[in-house]
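Student: Structure file my_file_31.txt (compact mmCIF, C-alpha atoms) is given on the next line.
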```txt
# COMPACT_ATOMS: atom_id res chain seq x y z
CA MET A 1 -6.69 15.04 -23.26
CA GLU A 2 -6.19 18.72 -23.92
CA ILE A 3 -2.61 19.90 -23.93
CA PRO A 4 -2.19 23.63 -23.41
CA ARG A 5 0.35 25.36 -25.63
CA LEU A 6 3.18 26.64 -23.52
CA ARG A 7 5.91 29.10 -24.40
CA ALA A 8 9.12 27.57 -25.62
CA ARG A 9 11.27 26.85 -22.64
CA GLY A 10 14.06 29.33 -23.41
CA SER A 11 11.76 32.31 -23.89
CA ALA A 12 11.23 33.06 -20.20
CA ARG A 13 14.24 35.35 -20.06
CA SER A 14 13.25 37.47 -23.06
CA VAL A 15 9.97 38.58 -21.45
CA THR A 16 9.94 41.82 -19.45
CA ARG A 17 9.99 40.51 -15.93
CA VAL A 18 7.23 41.75 -13.69
CA GLU A 19 8.01 41.00 -10.09
CA PHE A 20 5.36 39.54 -7.86
CA THR A 21 5.58 42.83 -5.97
CA ASP A 22 3.63 44.50 -8.78
CA LEU A 23 0.58 42.53 -7.71
CA HIS A 24 -1.32 43.61 -4.64
CA PRO A 25 -3.51 40.91 -3.14
CA ASP A 26 -6.03 41.83 -0.49
CA PRO A 27 -4.50 40.33 2.70
CA GLU A 28 -7.56 38.59 4.09
CA SER A 29 -8.62 37.27 0.72
CA TYR A 30 -5.08 36.06 0.12
CA LEU A 31 -4.91 34.34 3.51
CA GLY A 32 -8.30 32.66 2.99
CA ARG A 33 -7.26 31.31 -0.40
CA ALA A 34 -3.89 30.19 0.87
CA ALA A 35 -5.43 28.48 3.92
CA ARG A 36 -8.01 26.74 1.72
CA ILE A 37 -5.34 25.60 -0.71
CA GLN A 38 -3.22 24.14 2.08
CA LEU A 39 -6.27 22.37 3.51
CA GLY A 40 -6.91 21.02 0.02
CA HIS A 41 -3.35 19.65 0.04
CA VAL A 42 -4.18 17.87 3.31
CA GLU A 43 -7.33 16.39 1.76
CA THR A 44 -5.56 15.21 -1.39
CA LEU A 45 -2.64 13.69 0.49
CA GLY A 46 -4.94 12.21 3.11
CA SER A 47 -6.96 10.37 0.51
CA LEU A 48 -3.78 9.07 -1.16
CA ILE A 49 -2.38 7.45 1.99
CA GLY A 50 -4.69 4.46 1.61
CA ASP A 51 -4.02 4.18 -2.12
CA PHE A 52 -0.34 3.33 -1.87
CA ASP A 53 0.50 -0.14 -0.60
CA ARG A 54 4.00 0.36 0.78
CA PHE A 55 4.17 1.41 4.42
CA ASP A 56 7.00 3.84 3.75
CA ASP A 57 4.93 5.50 1.01
CA LYS A 58 1.98 5.81 3.38
CA GLU A 59 4.28 7.45 5.89
CA ARG A 60 5.79 9.85 3.32
CA LEU A 61 2.31 10.97 2.28
CA SER A 62 1.18 11.29 5.89
CA VAL A 63 4.19 13.40 6.77
CA ALA A 64 3.54 15.69 3.79
CA ALA A 65 -0.10 16.00 4.87
CA GLY A 66 1.11 17.00 8.33
CA PHE A 67 3.27 19.77 6.87
CA ALA A 68 0.35 21.12 4.84
CA LEU A 69 -1.86 20.98 7.94
CA ALA A 70 0.68 23.04 9.89
CA LYS A 71 0.68 25.65 7.11
CA HIS A 72 -3.11 25.69 7.03
CA GLN A 73 -3.21 26.19 10.80
CA GLY A 74 -0.60 28.95 10.63
CA LEU A 75 -2.61 30.80 7.97
CA VAL A 76 -5.83 30.45 9.97
CA ALA A 77 -3.97 31.91 12.95
CA GLU A 78 -2.92 34.89 10.79
CA ILE A 79 -6.52 35.50 9.75
CA GLU A 80 -7.66 35.36 13.37
CA ARG A 81 -4.82 37.63 14.46
CA ARG A 82 -6.29 40.21 12.07
CA ASP A 83 -9.73 39.62 13.61
CA GLY A 84 -10.83 38.00 10.37
CA ASP A 85 -13.25 35.11 9.97
CA ALA A 86 -11.15 32.21 8.75
CA ALA A 87 -14.09 29.97 7.86
CA ARG A 88 -15.71 32.72 5.80
CA SER A 89 -12.49 33.65 4.01
CA MET A 90 -11.87 30.04 3.14
CA ALA A 91 -15.47 29.46 2.09
CA GLU A 92 -15.27 32.36 -0.35
CA ALA A 93 -12.30 30.68 -1.98
CA SER A 94 -13.67 27.15 -1.96
CA ALA A 95 -15.67 26.77 -5.17
CA PRO A 96 -12.82 27.16 -7.69
CA ILE A 97 -10.40 25.24 -5.47
CA ASP A 98 -12.82 22.31 -5.05
CA HIS A 99 -13.48 22.30 -8.78
CA PHE A 100 -9.77 22.35 -9.46
CA ARG A 101 -9.11 19.43 -7.12
CA ARG A 102 -11.80 17.40 -8.91
CA ILE A 103 -10.53 17.99 -12.43
CA THR A 104 -6.89 17.43 -11.56
CA ARG A 105 -7.47 14.12 -9.82
CA GLY A 106 -5.77 11.31 -11.72
CA GLU A 107 -7.25 7.98 -12.69
CA THR A 108 -4.58 6.12 -10.75
CA PRO A 109 -2.89 6.90 -7.44
CA LEU A 110 0.35 7.60 -9.31
CA GLU A 111 -1.32 10.12 -11.64
CA SER A 112 -2.97 11.76 -8.64
CA LEU A 113 0.35 11.97 -6.85
CA LEU A 114 2.09 13.53 -9.85
CA SER A 115 -0.84 15.88 -10.09
CA PHE A 116 -0.39 16.87 -6.48
CA HIS A 117 3.34 17.39 -6.97
CA VAL A 118 2.88 19.53 -10.09
CA THR A 119 -0.11 21.57 -8.96
CA SER A 120 0.93 22.10 -5.35
CA GLY A 121 4.38 23.11 -6.59
CA LEU A 122 2.90 25.77 -8.88
CA LEU A 123 0.36 27.01 -6.35
CA ASP A 124 2.78 27.14 -3.45
CA ASP A 125 5.31 29.00 -5.60
CA LEU A 126 2.59 31.48 -6.50
CA LEU A 127 1.48 31.92 -2.89
CA ILE A 128 5.07 32.39 -1.72
CA GLY A 129 5.75 34.87 -4.52
CA LEU A 130 2.70 36.89 -3.63
CA THR A 131 3.82 37.33 -0.01
CA ALA A 132 6.24 39.98 -1.34
CA SER A 133 3.24 42.24 -2.00
CA LEU A 134 1.55 41.66 1.35
CA PRO A 135 1.92 44.30 4.10
CA SER A 136 5.38 44.21 5.65
CA ASP A 137 4.10 42.99 9.03
CA LEU A 138 2.55 39.97 7.34
CA GLY A 139 4.41 39.04 4.16
CA PRO A 140 7.71 37.76 5.56
CA ARG A 141 6.00 35.71 8.25
CA VAL A 142 3.65 34.06 5.76
CA GLY A 143 6.50 33.58 3.28
CA SER A 144 8.51 31.77 5.90
CA LEU A 145 5.50 29.64 6.89
CA LEU A 146 4.72 28.63 3.30
CA GLY A 147 8.37 28.15 2.41
CA ALA A 148 8.87 25.53 5.14
CA ASP A 149 9.26 21.86 4.30
CA ALA A 150 6.32 20.45 2.33
CA GLY A 151 7.49 16.83 2.39
CA THR A 152 8.35 17.15 -1.29
CA SER A 153 11.44 14.95 -1.15
CA GLY A 154 9.38 11.98 0.03
CA ILE A 155 6.91 12.49 -2.80
CA VAL A 156 9.72 12.80 -5.35
CA ASP A 157 11.15 9.52 -4.00
CA ILE A 158 7.88 7.74 -4.77
CA LEU A 159 7.52 9.31 -8.22
CA GLU A 160 11.13 8.58 -9.20
CA ARG A 161 10.83 4.96 -8.12
CA GLU A 162 7.60 4.37 -10.03
CA ILE A 163 8.79 6.17 -13.16
CA SER A 164 11.98 4.10 -13.17
CA VAL A 165 9.95 0.88 -13.23
CA ASP A 166 8.44 1.49 -16.65
CA ARG A 167 9.35 4.00 -19.35
CA ARG A 168 5.73 4.20 -20.52
CA THR A 169 4.70 5.39 -17.08
CA GLY A 170 7.07 8.32 -17.50
CA SER A 171 5.84 9.32 -20.92
CA PHE A 172 2.22 9.11 -19.83
CA LEU A 173 2.93 11.16 -16.72
CA ALA A 174 4.76 13.77 -18.80
CA MET A 175 1.64 14.22 -20.94
CA TRP A 176 -0.57 14.31 -17.85
CA GLY A 177 1.76 16.90 -16.31
CA ARG A 178 1.39 19.18 -19.34
CA ARG A 179 -2.37 19.14 -19.03
CA LEU A 180 -2.15 19.99 -15.36
CA VAL A 181 -0.18 23.16 -16.03
CA GLY A 182 -3.06 24.62 -17.99
CA ASP A 183 -5.62 23.79 -15.32
CA THR A 184 -3.38 25.12 -12.58
CA LEU A 185 -2.70 28.43 -14.29
CA LEU A 186 -6.46 28.97 -14.61
CA LEU A 187 -6.83 28.52 -10.88
CA ALA A 188 -3.72 30.62 -10.25
CA ARG A 189 -5.33 33.51 -12.11
CA ASP A 190 -8.18 33.31 -9.66
CA VAL A 191 -5.86 33.01 -6.67
CA VAL A 192 -3.93 36.11 -7.65
CA ASP A 193 -7.10 38.21 -7.52
CA VAL A 194 -5.17 41.26 -8.70
CA HIS A 195 -6.22 44.65 -7.37
CA ASP A 196 -3.64 46.29 -9.61
CA ALA A 197 -4.96 48.70 -12.28
CA ARG A 198 -3.11 46.66 -14.87
CA GLY A 199 -5.32 43.74 -13.94
CA GLY A 200 -4.67 40.42 -15.59
CA ASP A 201 -1.93 41.76 -17.85
CA ALA A 202 0.45 41.97 -14.95
CA VAL A 203 -0.08 38.31 -14.26
CA GLU A 204 1.23 36.81 -17.48
CA PRO A 205 4.96 37.31 -16.87
CA VAL A 206 4.57 36.06 -13.32
CA PHE A 207 3.21 32.84 -14.75
CA THR A 208 6.29 32.56 -16.91
CA GLU A 209 8.37 32.39 -13.76
CA LEU A 210 6.05 29.78 -12.29
CA ILE A 211 6.37 27.67 -15.42
CA ALA A 212 10.15 27.87 -15.30
CA ALA A 213 10.07 26.45 -11.76
CA HIS A 214 7.59 23.82 -12.91
CA THR A 215 9.92 22.82 -15.75
CA ARG A 216 12.75 22.33 -13.27
CA ARG A 217 10.49 20.08 -11.17
CA MET A 218 9.58 17.94 -14.18
CA ASP A 219 13.22 17.81 -15.32
CA ALA A 220 14.20 16.51 -11.88
CA LEU A 221 11.84 13.58 -12.46
CA GLY A 222 13.21 13.01 -15.97
CA LEU A 223 9.88 14.11 -17.45
CA THR A 224 9.60 16.55 -20.36
CA ALA A 225 7.58 19.57 -19.27
CA MET B 1 -27.02 -6.62 9.75
CA GLU B 2 -25.69 -9.09 12.29
CA ILE B 3 -25.82 -7.91 15.85
CA PRO B 4 -23.56 -9.85 18.21
CA ARG B 5 -25.04 -10.75 21.58
CA LEU B 6 -23.21 -8.94 24.29
CA ARG B 7 -23.21 -9.58 27.99
CA ALA B 8 -25.66 -7.54 30.01
CA ARG B 9 -23.99 -4.31 30.94
CA GLY B 10 -23.87 -4.87 34.70
CA SER B 11 -22.30 -8.31 34.52
CA ALA B 12 -18.76 -7.16 33.86
CA ARG B 13 -18.00 -6.90 37.56
CA SER B 14 -19.20 -10.40 38.40
CA VAL B 15 -16.71 -12.10 36.06
CA THR B 16 -13.38 -13.25 37.48
CA ARG B 17 -11.09 -10.50 36.31
CA VAL B 18 -8.08 -11.61 34.36
CA GLU B 19 -5.56 -8.82 34.11
CA PHE B 20 -3.92 -8.06 30.81
CA THR B 21 -0.69 -9.11 32.50
CA ASP B 22 -1.76 -12.76 32.18
CA LEU B 23 -1.29 -12.45 28.43
CA HIS B 24 2.22 -12.49 27.02
CA PRO B 25 2.50 -11.04 23.55
CA ASP B 26 5.70 -11.51 21.61
CA PRO B 27 7.22 -8.01 21.62
CA GLU B 28 8.12 -7.68 17.96
CA SER B 29 4.85 -9.19 16.80
CA TYR B 30 3.00 -6.87 19.18
CA LEU B 31 4.89 -3.81 17.93
CA GLY B 32 4.28 -4.72 14.28
CA ARG B 33 0.57 -5.14 14.85
CA ALA B 34 0.33 -1.95 16.89
CA ALA B 35 2.29 0.04 14.28
CA ARG B 36 0.10 -1.35 11.48
CA ILE B 37 -3.06 -0.51 13.41
CA GLN B 38 -1.93 3.07 14.01
CA LEU B 39 -1.05 3.43 10.33
CA GLY B 40 -4.51 2.10 9.53
CA HIS B 41 -5.91 4.86 11.73
CA VAL B 42 -3.96 7.38 9.65
CA GLU B 43 -5.38 5.90 6.44
CA THR B 44 -8.96 5.89 7.69
CA LEU B 45 -8.80 9.43 9.05
CA GLY B 46 -6.91 10.64 5.98
CA SER B 47 -9.62 9.39 3.66
CA LEU B 48 -12.32 10.99 5.82
CA ILE B 49 -10.83 14.50 5.68
CA GLY B 50 -12.23 15.09 2.21
CA ASP B 51 -15.62 13.59 3.10
CA PHE B 52 -16.61 16.19 5.66
CA ASP B 53 -17.52 19.62 4.32
CA ARG B 54 -16.81 21.84 7.30
CA PHE B 55 -13.28 23.21 7.52
CA ASP B 56 -13.15 22.70 11.27
CA ASP B 57 -14.14 19.05 10.83
CA LYS B 58 -11.42 18.61 8.23
CA GLU B 59 -8.95 20.06 10.69
CA ARG B 60 -10.14 17.87 13.58
CA LEU B 61 -9.73 14.75 11.45
CA SER B 62 -6.32 15.91 10.19
CA VAL B 63 -5.13 16.56 13.72
CA ALA B 64 -6.28 13.10 14.82
CA ALA B 65 -4.47 11.58 11.82
CA GLY B 66 -1.32 13.41 12.90
CA PHE B 67 -1.54 11.92 16.39
CA ALA B 68 -1.93 8.41 14.96
CA LEU B 69 1.02 9.03 12.63
CA ALA B 70 3.19 10.04 15.59
CA LYS B 71 2.22 6.81 17.39
CA HIS B 72 2.96 4.78 14.27
CA GLN B 73 6.37 6.42 13.96
CA GLY B 74 7.11 5.87 17.64
CA LEU B 75 6.28 2.16 17.32
CA VAL B 76 8.42 1.79 14.20
CA ALA B 77 11.28 3.40 16.13
CA GLU B 78 10.80 0.82 18.90
CA ILE B 79 11.01 -2.03 16.39
CA GLU B 80 14.18 -0.57 14.89
CA ARG B 81 15.68 -0.01 18.33
CA ARG B 82 15.31 -3.79 18.82
CA ASP B 83 16.99 -4.35 15.43
CA GLY B 84 13.68 -5.60 14.08
CA ASP B 85 12.36 -5.15 10.56
CA ALA B 86 9.40 -2.79 10.90
CA ALA B 87 8.10 -3.32 7.36
CA ARG B 88 8.18 -7.09 7.79
CA SER B 89 6.50 -7.02 11.21
CA MET B 90 3.77 -4.76 9.87
CA ALA B 91 3.33 -6.83 6.72
CA GLU B 92 2.78 -9.97 8.78
CA ALA B 93 -0.06 -8.18 10.55
CA SER B 94 -1.60 -6.55 7.50
CA ALA B 95 -4.05 -9.08 6.07
CA PRO B 96 -6.52 -9.20 9.00
CA ILE B 97 -6.17 -5.47 9.64
CA ASP B 98 -6.85 -4.57 6.00
CA HIS B 99 -9.82 -6.94 5.95
CA PHE B 100 -11.11 -5.40 9.15
CA ARG B 101 -10.82 -1.87 7.79
CA ARG B 102 -12.79 -2.89 4.70
CA ILE B 103 -15.68 -4.52 6.54
CA THR B 104 -16.00 -1.79 9.16
CA ARG B 105 -16.14 1.05 6.64
CA GLY B 106 -19.53 2.76 6.80
CA GLU B 107 -21.77 3.66 3.90
CA THR B 108 -21.67 7.34 4.84
CA PRO B 109 -18.85 9.48 6.23
CA LEU B 110 -20.70 9.69 9.55
CA GLU B 111 -20.99 5.91 9.82
CA SER B 112 -17.32 5.60 8.94
CA LEU B 113 -16.39 8.14 11.58
CA LEU B 114 -18.44 6.38 14.27
CA SER B 115 -16.81 3.19 13.12
CA PHE B 116 -13.39 4.72 13.56
CA HIS B 117 -14.29 6.04 17.00
CA VAL B 118 -15.67 2.69 18.18
CA THR B 119 -13.07 0.41 16.66
CA SER B 120 -10.01 2.55 17.34
CA GLY B 121 -11.22 2.99 20.91
CA LEU B 122 -11.44 -0.76 21.43
CA LEU B 123 -8.18 -1.55 19.66
CA ASP B 124 -6.20 1.21 21.34
CA ASP B 125 -7.53 0.11 24.75
CA LEU B 126 -6.45 -3.42 23.94
CA LEU B 127 -2.99 -2.34 22.78
CA ILE B 128 -2.50 -0.16 25.85
CA GLY B 129 -3.69 -2.96 28.14
CA LEU B 130 -1.26 -5.41 26.57
CA THR B 131 1.73 -3.15 27.26
CA ALA B 132 1.50 -4.36 30.87
CA SER B 133 2.72 -7.77 29.71
CA LEU B 134 5.58 -6.48 27.55
CA PRO B 135 9.16 -6.54 28.92
CA SER B 136 9.69 -3.84 31.52
CA ASP B 137 12.13 -1.88 29.36
CA LEU B 138 9.48 -1.59 26.67
CA GLY B 139 5.97 -1.73 28.11
CA PRO B 140 5.81 1.60 29.98
CA ARG B 141 7.31 3.54 27.08
CA VAL B 142 4.85 2.05 24.58
CA GLY B 143 1.98 2.51 27.02
CA SER B 144 2.80 6.17 27.35
CA LEU B 145 3.13 6.55 23.58
CA LEU B 146 -0.21 4.87 22.87
CA GLY B 147 -1.93 6.60 25.76
CA ALA B 148 -1.15 10.07 24.40
CA ASP B 149 -3.84 12.24 22.84
CA ALA B 150 -5.59 10.58 19.90
CA GLY B 151 -7.65 13.61 18.91
CA THR B 152 -10.72 11.86 20.28
CA SER B 153 -12.39 14.99 21.63
CA GLY B 154 -12.53 16.54 18.15
CA ILE B 155 -14.09 13.38 16.76
CA VAL B 156 -16.62 13.25 19.59
CA ASP B 157 -17.51 16.89 18.83
CA ILE B 158 -18.40 15.98 15.26
CA LEU B 159 -20.37 12.87 16.26
CA GLU B 160 -22.31 14.69 19.00
CA ARG B 161 -23.21 17.52 16.64
CA GLU B 162 -24.45 15.19 13.91
CA ILE B 163 -26.35 12.93 16.29
CA SER B 164 -28.11 15.96 17.81
CA VAL B 165 -29.41 16.98 14.38
CA ASP B 166 -31.61 13.95 13.92
CA ARG B 167 -32.71 11.29 16.40
CA ARG B 168 -32.86 8.66 13.68
CA THR B 169 -29.18 9.19 13.00
CA GLY B 170 -28.48 8.25 16.60
CA SER B 171 -30.55 5.11 16.58
CA PHE B 172 -29.03 3.96 13.32
CA LEU B 173 -25.53 4.66 14.61
CA ALA B 174 -26.28 2.75 17.82
CA MET B 175 -27.17 -0.31 15.75
CA TRP B 176 -24.12 0.13 13.55
CA GLY B 177 -21.98 0.47 16.68
CA ARG B 178 -23.25 -2.87 18.00
CA ARG B 179 -22.24 -4.63 14.82
CA LEU B 180 -18.78 -3.09 14.97
CA VAL B 181 -18.10 -4.52 18.41
CA GLY B 182 -18.40 -8.05 17.08
CA ASP B 183 -16.09 -7.37 14.15
CA THR B 184 -13.58 -5.62 16.37
CA LEU B 185 -13.41 -8.37 18.95
CA LEU B 186 -12.63 -10.84 16.17
CA LEU B 187 -9.69 -8.71 15.11
CA ALA B 188 -8.73 -8.15 18.75
CA ARG B 189 -8.42 -11.91 19.22
CA ASP B 190 -5.90 -11.93 16.41
CA VAL B 191 -4.06 -8.91 17.78
CA VAL B 192 -3.66 -10.48 21.19
CA ASP B 193 -1.78 -13.43 19.68
CA VAL B 194 -1.58 -15.11 23.06
CA HIS B 195 1.53 -17.14 23.84
CA ASP B 196 0.00 -18.18 27.14
CA ALA B 197 -0.66 -21.89 27.66
CA ARG B 198 -4.27 -21.03 28.43
CA GLY B 199 -4.58 -19.68 24.90
CA GLY B 200 -7.82 -18.06 23.91
CA ASP B 201 -9.58 -18.79 27.22
CA ALA B 202 -7.57 -16.11 28.97
CA VAL B 203 -8.79 -13.57 26.46
CA GLU B 204 -12.50 -13.64 27.19
CA PRO B 205 -12.51 -11.70 30.47
CA VAL B 206 -10.12 -9.13 28.99
CA PHE B 207 -12.71 -8.49 26.32
CA THR B 208 -15.29 -7.87 29.00
CA GLU B 209 -13.18 -4.97 30.22
CA LEU B 210 -12.85 -3.66 26.69
CA ILE B 211 -16.59 -3.78 26.21
CA ALA B 212 -17.16 -1.89 29.45
CA ALA B 213 -14.95 0.92 28.14
CA HIS B 214 -16.76 0.75 24.81
CA THR B 215 -20.09 1.08 26.59
CA ARG B 216 -18.86 4.23 28.34
CA ARG B 217 -17.82 5.67 24.96
CA MET B 218 -21.24 4.98 23.46
CA ASP B 219 -23.00 6.35 26.56
CA ALA B 220 -21.02 9.57 26.20
CA LEU B 221 -22.54 9.97 22.75
CA GLY B 222 -26.03 9.17 24.04
CA LEU B 223 -26.00 5.90 22.08
CA THR B 224 -27.11 2.60 23.56
CA ALA B 225 -24.23 0.13 23.37
```
Before we go any further, please render this structure as structure tokens.

Tutor:
Amino acid sequence: MEIPRLRARGSARSVTRVEFTDLHPDPESYLGRAARIQLGHVETLGSLIGDFDRFDDKERLSVAAGFALAKHQGLVAEIERRDGDAARSMAEASAPIDHFRRITRGETPLESLLSFHVTSGLLDDLLIGLTASLPSDLGPRVGSLLGADAGTSGIVDILEREISVDRRTGSFLAMWGRRLVGDTLLLARDVVDVHDARGGDAVEPVFTELIAAHTRRMDALGLTA
Amino acid sequence: MEIPRLRARGSARSVTRVEFTDLHPDPESYLGRAARIQLGHVETLGSLIGDFDRFDDKERLSVAAGFALAKHQGLVAEIERRDGDAARSMAEASAPIDHFRRITRGETPLESLLSFHVTSGLLDDLLIGLTASLPSDLGPRVGSLLGADAGTSGIVDILEREISVDRRTGSFLAMWGRRLVGDTLLLARDVVDVHDARGGDAVEPVFTELIAAHTRRMDALGLTA
């Protein structure tokens, strides 16, 4: 298992902060990627419903899938409102997202669920951050859509319960979580699709912010990020 | 592949009709089974979302899963309103339902989707029919809940499209559909859980009605039931 080297946790503040507003995603491309990512959330959660035995877990996962579906549908509506072709925009974004979903799938339902929590947290943060650089008639609406409930608390309930059962589960999941960050940031680089002259360089500090939020998510589960 | 012998299609009308009202399910047992069946629908549809490549198919399946989730939640609320234990009622119903879902899973996504359409159609018809014999403060409310949209038209759209691509697909699915009826009626017998003195004998004519509705569903797809 490859573990990407991350910056030391405290260093985030010493980096020159580049706001998400310095990045300028193409609106339709952004919407297609975001819609495909949310549909991927639905697929991942949908497949997990049958993997957990408890009825309340099945319901938590189903509810979260419903929230992601609503976001997907809202994004498709935005593409259509702009006379875009939602299927085409999503198809253009599919290859890396499908690949990403394959390589971040866990070997157990619990690993897959942590994977979803970690990767969807990072990706949704990125997508929400990028709305600041969308046109002003679009950004706030999409930000509000993506910032709505994602069913995260139900997923955290499952993860906390399972981690509390066995300390080894927690330490394995912590290691698994570290690997996921590297994979997710690779996809994130693709999602950003920067049209800024500074290209990829502008992205690095943005990722530092994403990792700080990720670290808080792992801390909340008692896992070392 | 075992193909159960069914009555000739025209004979349904010549049988003495026994209304569903002659059966008297125990309310909490009924609600637990119904809630577990709807949650099973969510699981089946959830796992199929990732199996279909088209985005619009993924959305159709997700929407149908959302409808089944809402029915599941409504049934759980009914159990709790009666101070019942929803998890326990569902658990008591789980073994045959889980077994049923395993044996009716197809070898391809399309077979699995036809299976869902056929089996959920029969089971939902049965559950709706049985509401007529529930206490009057409960039956109509549950009937209305279960009778709400199940996302069927989206599923039929997918099946019709795929069947139209290749005639052999249709004839294979017709055969697969015939097998499913036998499996479903076995589960249905368990779902009915008749408290009537006449026991299982009262069930047979009810099944004839279910099969008539099933035949109409298959006809609508151009498949011979």

Student: As an MDAnalysis selection string, please: the residues near segment 38-43 of chain A (cut-off 7 Å, all atoms listed in the file, same-chain neighbours under 3 positions excluded).

Tutor: (chainID A and resid 34:35 46:47 65 68:69 71:72) or (chainID B and resid 49:50)

Student: Could you tell me which of B:Leu130, B:Leu110, B:Ile103, B:Val63 comes closest to Asp51 of chain B if we count all atoms listed in the file?

Tutor: B:Leu110

Student: My list of candidates is A:Val142, A:Ile37, A:Ala150, A:Leu185. Which is closest to chain B when distances are computed with only C-alpha atoms?

Tutor: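 For chain B, the nearest of the candidates is A:Ile37.
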
Student: Give the answer as one residue: which of B:Glu160, B:Asp149, B:Asp53, B:Asp85 has the shortest atom-to-atom distance to Arg217 of chain B, using only C-alpha atoms?

Tutor: B:Glu160

Student: With only C-alpha atoms as the counted atoms, please give the residues lying no more than 8 Å from Ala64 of chain B, apart from itself and same-chain residues fewer than 4 positions off, as a ChimeraX atom specification.

Tutor: /B:45,60,68,150-152,154

Student: Have a look at atom CA of Asp183 of chain B and atom CA of Glu78 of chain B and let me know their distance in Å, one decimal.

Tutor: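 Computed distance, atom CA of Asp183 of chain B to atom CA of Glu78 of chain B, equals 28.5 Å.
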
Student: Just give me the gap between atom CA of Ala93 of chain A and atom CA of Val192 of chain A in Å, one decimal is fine.

Tutor: 11.5 Å

Student: Give me, please, the distance in Å between atom CA of Gly66 of chain A and atom CA of Ser62 of chain B, quoted to one decimal.

Tutor: 7.7 Å

Student: Would you kindly return, as a list in words, each protein, DNA or RNA residue with an atom no farther than 10 Å from any atom of Pro135 of chain A, considering all atoms listed in the file and excluding same-chain residues fewer than 3 positions away?

Tutor: His24, Pro25, Asp26, Pro27, Thr131, Ala132, Leu138, Gly139 and Pro140 of chain A
